[in-house]
Amino acid sequence: MKVLVCGYGNPFRTDDGVGHLLAPAVAELIASRGGEAEVRLEHQLLPEMAEEFGKYDLLAFTDARVPGTGSGKGYDIREISPDPALEGLNIHSVGPEWILALAARLWGKVPPSVLVSVEGESFDFGEGLTAACNERMNCALAAFDEWLRDRNLQ
């Protein structure tokens, strides 16, 4: 299985950088199960990424999210589908669903896709995660391992 793991966010805004730390860990987990994982780290999702999606069997996106917008566990793992609706007013605010919709227009389909989002505590200027976000990231990684196992993804 060939997987693209895209971590996005700003590593210079404390917990907003969790996607950059989680993506290589997700890729390592996939590799430990015999998969081939490529990591891409970005500050934001870019339209030109859609052009690459057709060569993968699975797309995994890792990102931070603001408190109170998820399941209440401090992280979410959810399968996502193409959605052309913009989440905001500009390209900076697009989510992975929008990039998937663009890829679907280019290729006629997209590989299965999953979003692993971790609740941040601080988005102030600074490097490194808060202790709470780091703990949530580790929980999300363990839950992603279970997600892979439940789907028999090797």
# chains A, B, ... in the order shown; residues from 1 in each chain; ligands from 1
call {"tool": "select_by_dssp", "arguments": {"residues": "segment 58-146 of chain A", "states": "helix (DSSP H, G or I)", "output": "ChimeraX atom specification"}}
result
/A:91-93,96-107,131-146
call {"tool": "residues_around", "arguments": {"residues": "Leu46 of chain A", "least_positions_apart": "3", "cutoff": "12 Å", "atoms": "only C-alpha atoms", "output": "PyMOL selection string"}}
result
chain A and resi 6+8-9+40-43+49-52+90-100+102-103
call {"tool": "residues_around", "arguments": {"residues": "Thr62 of chain A", "least_positions_apart": "5", "cutoff": "10 Å", "atoms": "only C-alpha atoms", "output": "ChimeraX atom specification"}}
result
/A:5-9,17-24,26,41,77,96,114-118
call {"tool": "write_last_selection", "arguments": {"atoms": "C-alpha atoms", "output": "compact mmCIF listing (two decimals), in the first residue's frame"}}
result
# COMPACT_ATOMS: atom_id res chain seq x y z
CA VAL A 5 0.84 11.46 4.77
CA CYS A 6 0.41 15.22 4.68
CA GLY A 7 1.05 17.11 7.89
CA TYR A 8 0.05 20.74 7.80
CA GLY A 9 0.04 23.70 10.14
CA GLY A 17 2.66 22.37 14.53
CA VAL A 18 1.24 19.05 15.72
CA GLY A 19 0.51 17.99 12.13
CA HIS A 20 4.22 18.28 11.32
CA LEU A 21 5.15 16.02 14.25
CA LEU A 22 2.33 13.55 13.80
CA ALA A 23 2.81 12.97 10.06
CA PRO A 24 6.24 11.26 10.31
CA VAL A 26 1.94 8.05 11.14
CA LEU A 41 4.86 18.84 5.46
CA ILE A 77 -9.82 10.26 13.27
CA PRO A 96 -8.47 18.47 2.91
CA VAL A 114 -8.46 10.03 6.52
CA LEU A 115 -7.98 13.10 8.69
CA VAL A 116 -6.22 12.82 12.04
CA SER A 117 -6.76 16.07 13.93
CA VAL A 118 -5.45 16.84 17.39
call {"tool": "select_by_dssp", "arguments": {"residues": "chain A", "states": "strand (DSSP E)", "output": "PyMOL selection string"}}
result
chain A and resi 2-8+36-42+58-65+75-80+113-119
call {"tool": "atom_distance", "arguments": {"atom1": "atom CA of Asn138 of chain A", "atom2": "atom CA of Ala25 of chain A"}}
result
9.4 Å
call {"tool": "closest_atom_pairs", "arguments": {"of": "segment 94-129 of chain A", "to": "segment 54-57 of chain A", "cutoff": "10 Å", "atoms": "only C-alpha atoms", "output": "Markdown table"}}
result
| residue | atom | partner | partner_atom | distance |
| --- | --- | --- | --- | --- |
| A:Ala103 | CA | A:Gly54 | CA | 7.7 |
| A:Ala104 | CA | A:Gly54 | CA | 9.0 |
| A:Leu106 | CA | A:Gly54 | CA | 9.0 |
| A:Trp107 | CA | A:Gly54 | CA | 6.7 |
| A:Gly108 | CA | A:Gly54 | CA | 9.4 |
| A:Lys109 | CA | A:Gly54 | CA | 8.0 |
| A:Val110 | CA | A:Gly54 | CA | 6.5 |
| A:Pro111 | CA | A:Asp57 | CA | 5.5 |
| A:Pro112 | CA | A:Asp57 | CA | 7.0 |
| A:Ser113 | CA | A:Asp57 | CA | 8.9 |
call {"tool": "residues_around", "arguments": {"residues": "Ala31 of chain A", "least_positions_apart": "5", "cutoff": "10 Å", "atoms": "only C-alpha atoms", "output": "VMD selection string"}}
result
chain A and resid 1 to 3 25 to 26 36 to 38 154
call {"tool": "atom_distance", "arguments": {"atom1": "atom CA of Asp15 of chain A", "atom2": "atom CA of Ser122 of chain A"}}
result
5.7 Å
call {"tool": "residues_around", "arguments": {"residues": "Phe123 of chain A", "least_positions_apart": "5", "cutoff": "8 Å", "atoms": "only C-alpha atoms", "output": "list in words"}}
result
Arg13, Thr14, Asp15 and Asp16 of chain A
call {"tool": "write_last_selection", "arguments": {"atoms": "all heavy atoms", "output": "short mmCIF file (atom, residue, chain, number, x, y, z; two decimals), in the first residue's frame"}}
result
data_model
loop_
_atom_site.label_atom_id
_atom_site.label_comp_id
_atom_site.auth_asym_id
_atom_site.auth_seq_id
_atom_site.Cartn_x
_atom_site.Cartn_y
_atom_site.Cartn_z
N ARG A 13 3.87 28.11 15.71
CA ARG A 13 2.72 28.57 16.49
C ARG A 13 2.33 27.45 17.46
O ARG A 13 1.21 26.98 17.47
CB ARG A 13 1.53 28.92 15.58
CG ARG A 13 1.74 30.06 14.59
CD ARG A 13 1.92 31.42 15.23
NE ARG A 13 0.85 31.85 16.08
CZ ARG A 13 -0.07 32.74 15.75
NH1 ARG A 13 -0.05 33.31 14.57
NH2 ARG A 13 -0.98 33.08 16.61
N THR A 14 3.26 27.03 18.26
CA THR A 14 3.14 25.96 19.27
C THR A 14 2.31 24.79 18.76
O THR A 14 2.74 24.10 17.85
CB THR A 14 2.65 26.52 20.62
OG1 THR A 14 1.43 27.23 20.45
CG2 THR A 14 3.69 27.41 21.27
N ASP A 15 1.13 24.57 19.30
CA ASP A 15 0.35 23.36 18.99
C ASP A 15 -0.14 23.28 17.55
O ASP A 15 -0.50 22.21 17.08
CB ASP A 15 -0.85 23.24 19.94
CG ASP A 15 -0.42 22.97 21.38
OD1 ASP A 15 0.75 22.58 21.59
OD2 ASP A 15 -1.26 23.14 22.28
N ASP A 16 -0.11 24.39 16.81
CA ASP A 16 -0.49 24.35 15.40
C ASP A 16 0.49 23.48 14.62
O ASP A 16 0.18 23.02 13.53
CB ASP A 16 -0.56 25.76 14.81
CG ASP A 16 -1.31 25.79 13.49
OD1 ASP A 16 -2.33 25.07 13.36
OD2 ASP A 16 -0.90 26.52 12.58
#
call {"tool": "closest_residue", "arguments": {"among": "A:Gly120, A:Pro47, A:Gly34, A:Ala27", "to": "Phe61 of chain A", "atoms": "only C-alpha atoms"}}
result
A:Ala27
call {"tool": "residues_around", "arguments": {"residues": "Asp145 of chain A", "least_positions_apart": "6", "cutoff": "10 Å", "atoms": "only C-alpha atoms", "output": "list in words"}}
result
Val26, Leu29, Ile30, Arg33, Cys139 and Leu153 of chain A
call {"tool": "atom_distance", "arguments": {"atom1": "atom CA of Asn10 of chain A", "atom2": "atom CA of Leu45 of chain A"}}
result
11.5 Å
